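Structure record follows, encoded as structure tokens.
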Amino acid sequence: MRAAKLESGEWVDGFLFVANRPILDLLNTKPVLQQRPTELLSDFHAVERWLIASGIARSAKMKNLLRSWRQSPEAAVFLKDLIAFRERLRDAVLRLEAGSAPADEFIREVNAGLRQHPPIATLHKQEGHIVREALIDLERPSDLWTFIYDGTADLLSEPETDRVRQCEACVVHFFDSSKKGSRRWCSMNMCGNKLKVAAYQRRKRDQPAVRRIWASRRSDSISPRKI
């Protein structure tokens, strides 16, 4: 489950997309807004909107199916299980970010999910590149697990897991796809500018102390020697 090309902006239909991996964008559907954790997947309609905004649900057929499932008991079960899985995924991602491996129990869960909902993909050309797209014949809400487990497997098997990070200023997770691999924040607009301003203010506060130290050293160096 790779990142799709989204409309301009980091927020799309009420959801944040800065992670470069849809599965991490799913993790970020519980951000801290107005100083408190906020659940963005409040109902299955929200899941539907997220799937469309992320680029996972593209075809008219899939969008119509999602719409038809909004009030179904199966969709309610899927939503409950998805939110619980998201928090187990959060623990696995925090472990990756700490340089550790996900719990064996979680890996077994993902493997069981892959066996029950095996991903089927097709390749096609898009804007001069070969892209891989899931080819799934959806019949019920639980079939959506194919996308979730496939994206999770991609993330856990990522060879550069050191690029999976949490923003230094908030709870958002992302995959650093920058050339230098030095990205520290979720986005420049949200937290990058905040961190830069804070660093600038720290430097300004430190400058008087630094000037006093250098002045003191200079004074000592030019003071007359005692005979």
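Within each chain, counting starts at residue 1; across the structure tokens, chains are named A, B, ... in the order shown, with ligands numbered 1 upward in that order.
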Per DSSP on the backbone, filter chain A down to the residues in strand (DSSP E or B) and report them as number ranges by chain.
A: 11-12, 15-16, 32-33, 36-37, 121-126, 129-134, 164-166, 173-175
Could those selected residues go to a file with N, CA and C atoms, as a PDB file, in the first residue's frame?
```
ATOM      1  N   TRP A  11      -3.855  18.405   4.521  1.00  0.00           N
ATOM      2  CA  TRP A  11      -5.144  17.928   5.015  1.00  0.00           C
ATOM      3  C   TRP A  11      -6.069  17.720   3.821  1.00  0.00           C
ATOM      4  N   VAL A  12      -6.598  16.512   3.696  1.00  0.00           N
ATOM      5  CA  VAL A  12      -7.517  16.194   2.602  1.00  0.00           C
ATOM      6  C   VAL A  12      -8.804  15.653   3.214  1.00  0.00           C
ATOM      7  N   PHE A  15      -8.469  14.838   6.862  1.00  0.00           N
ATOM      8  CA  PHE A  15      -7.466  13.864   7.287  1.00  0.00           C
ATOM      9  C   PHE A  15      -6.073  14.351   6.892  1.00  0.00           C
ATOM     10  N   LEU A  16      -5.098  14.001   7.722  1.00  0.00           N
ATOM     11  CA  LEU A  16      -3.728  14.432   7.518  1.00  0.00           C
ATOM     12  C   LEU A  16      -2.959  13.413   6.686  1.00  0.00           C
ATOM     13  N   VAL A  32      -3.281  14.861  17.864  1.00  0.00           N
ATOM     14  CA  VAL A  32      -3.594  15.752  18.984  1.00  0.00           C
ATOM     15  C   VAL A  32      -4.026  17.092  18.398  1.00  0.00           C
ATOM     16  N   LEU A  33      -5.285  17.433  18.594  1.00  0.00           N
ATOM     17  CA  LEU A  33      -5.841  18.692  18.110  1.00  0.00           C
ATOM     18  C   LEU A  33      -6.388  19.455  19.305  1.00  0.00           C
ATOM     19  N   ARG A  36      -5.547  17.819  22.735  1.00  0.00           N
ATOM     20  CA  ARG A  36      -6.093  16.541  23.201  1.00  0.00           C
ATOM     21  C   ARG A  36      -6.184  15.566  22.038  1.00  0.00           C
ATOM     22  N   PRO A  37      -6.015  14.258  22.301  1.00  0.00           N
ATOM     23  CA  PRO A  37      -6.152  13.256  21.238  1.00  0.00           C
ATOM     24  C   PRO A  37      -7.556  13.313  20.637  1.00  0.00           C
ATOM     25  N   ALA A 121      -2.283  -8.194  -6.719  1.00  0.00           N
ATOM     26  CA  ALA A 121      -1.909  -6.910  -7.310  1.00  0.00           C
ATOM     27  C   ALA A 121      -1.741  -7.013  -8.815  1.00  0.00           C
ATOM     28  N   THR A 122      -1.822  -5.870  -9.452  1.00  0.00           N
ATOM     29  CA  THR A 122      -1.571  -5.769 -10.882  1.00  0.00           C
ATOM     30  C   THR A 122      -0.637  -4.596 -11.125  1.00  0.00           C
ATOM     31  N   LEU A 123       0.145  -4.673 -12.186  1.00  0.00           N
ATOM     32  CA  LEU A 123       1.064  -3.598 -12.552  1.00  0.00           C
ATOM     33  C   LEU A 123       0.530  -2.862 -13.773  1.00  0.00           C
ATOM     34  N   HIS A 124       0.674  -1.555 -13.771  1.00  0.00           N
ATOM     35  CA  HIS A 124       0.305  -0.786 -14.963  1.00  0.00           C
ATOM     36  C   HIS A 124       1.114   0.501 -14.993  1.00  0.00           C
ATOM     37  N   LYS A 125       1.146   1.126 -16.153  1.00  0.00           N
ATOM     38  CA  LYS A 125       1.908   2.354 -16.326  1.00  0.00           C
ATOM     39  C   LYS A 125       1.080   3.553 -15.882  1.00  0.00           C
ATOM     40  N   GLN A 126       1.770   4.472 -15.198  1.00  0.00           N
ATOM     41  CA  GLN A 126       1.110   5.693 -14.757  1.00  0.00           C
ATOM     42  C   GLN A 126       2.125   6.819 -14.792  1.00  0.00           C
ATOM     43  N   HIS A 129       5.706   5.736 -15.198  1.00  0.00           N
ATOM     44  CA  HIS A 129       6.267   4.821 -14.199  1.00  0.00           C
ATOM     45  C   HIS A 129       5.387   3.575 -14.092  1.00  0.00           C
ATOM     46  N   ILE A 130       6.002   2.490 -13.633  1.00  0.00           N
ATOM     47  CA  ILE A 130       5.251   1.268 -13.358  1.00  0.00           C
ATOM     48  C   ILE A 130       4.762   1.328 -11.920  1.00  0.00           C
ATOM     49  N   VAL A 131       3.478   1.210 -11.728  1.00  0.00           N
ATOM     50  CA  VAL A 131       2.916   1.249 -10.381  1.00  0.00           C
ATOM     51  C   VAL A 131       2.209  -0.076 -10.080  1.00  0.00           C
ATOM     52  N   ARG A 132       2.215  -0.421  -8.811  1.00  0.00           N
ATOM     53  CA  ARG A 132       1.561  -1.638  -8.326  1.00  0.00           C
ATOM     54  C   ARG A 132       0.246  -1.238  -7.682  1.00  0.00           C
ATOM     55  N   GLU A 133      -0.834  -1.866  -8.102  1.00  0.00           N
ATOM     56  CA  GLU A 133      -2.149  -1.526  -7.567  1.00  0.00           C
ATOM     57  C   GLU A 133      -2.876  -2.789  -7.126  1.00  0.00           C
ATOM     58  N   ALA A 134      -3.464  -2.708  -5.950  1.00  0.00           N
ATOM     59  CA  ALA A 134      -4.202  -3.854  -5.429  1.00  0.00           C
ATOM     60  C   ALA A 134      -5.400  -4.153  -6.320  1.00  0.00           C
ATOM     61  N   VAL A 164      11.572   5.488   9.511  1.00  0.00           N
ATOM     62  CA  VAL A 164      10.244   5.568  10.131  1.00  0.00           C
ATOM     63  C   VAL A 164      10.411   6.341  11.431  1.00  0.00           C
ATOM     64  N   ARG A 165       9.762   7.498  11.533  1.00  0.00           N
ATOM     65  CA  ARG A 165      10.019   8.392  12.659  1.00  0.00           C
ATOM     66  C   ARG A 165       8.744   9.039  13.173  1.00  0.00           C
ATOM     67  N   GLN A 166       8.857   9.555  14.380  1.00  0.00           N
ATOM     68  CA  GLN A 166       7.798  10.376  14.959  1.00  0.00           C
ATOM     69  C   GLN A 166       8.278  11.816  14.976  1.00  0.00           C
ATOM     70  N   HIS A 173       3.449  10.321  12.941  1.00  0.00           N
ATOM     71  CA  HIS A 173       4.509   9.452  12.431  1.00  0.00           C
ATOM     72  C   HIS A 173       4.641   9.641  10.924  1.00  0.00           C
ATOM     73  N   PHE A 174       5.844   9.397  10.403  1.00  0.00           N
ATOM     74  CA  PHE A 174       6.060   9.541   8.964  1.00  0.00           C
ATOM     75  C   PHE A 174       7.237   8.684   8.516  1.00  0.00           C
ATOM     76  N   PHE A 175       7.316   8.477   7.210  1.00  0.00           N
ATOM     77  CA  PHE A 175       8.472   7.809   6.607  1.00  0.00           C
ATOM     78  C   PHE A 175       9.282   8.888   5.906  1.00  0.00           C
TER      79      PHE A 175
END
```
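Considering the residues A:Asp13, A:Arg140, A:Arg90, A:Phe85 and counting only C-alpha atoms, A:Met62 has its shortest atom-to-atom contact with A:Arg140.
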Give me the residues near A:Pro119 as a PyMOL selection string, where near means some atom within 10 Å (using only C-alpha atoms) and where sequence neighbours in that chain fewer than 3 positions away do not count.
chain A and resi 1+114-116+133-136+145-151
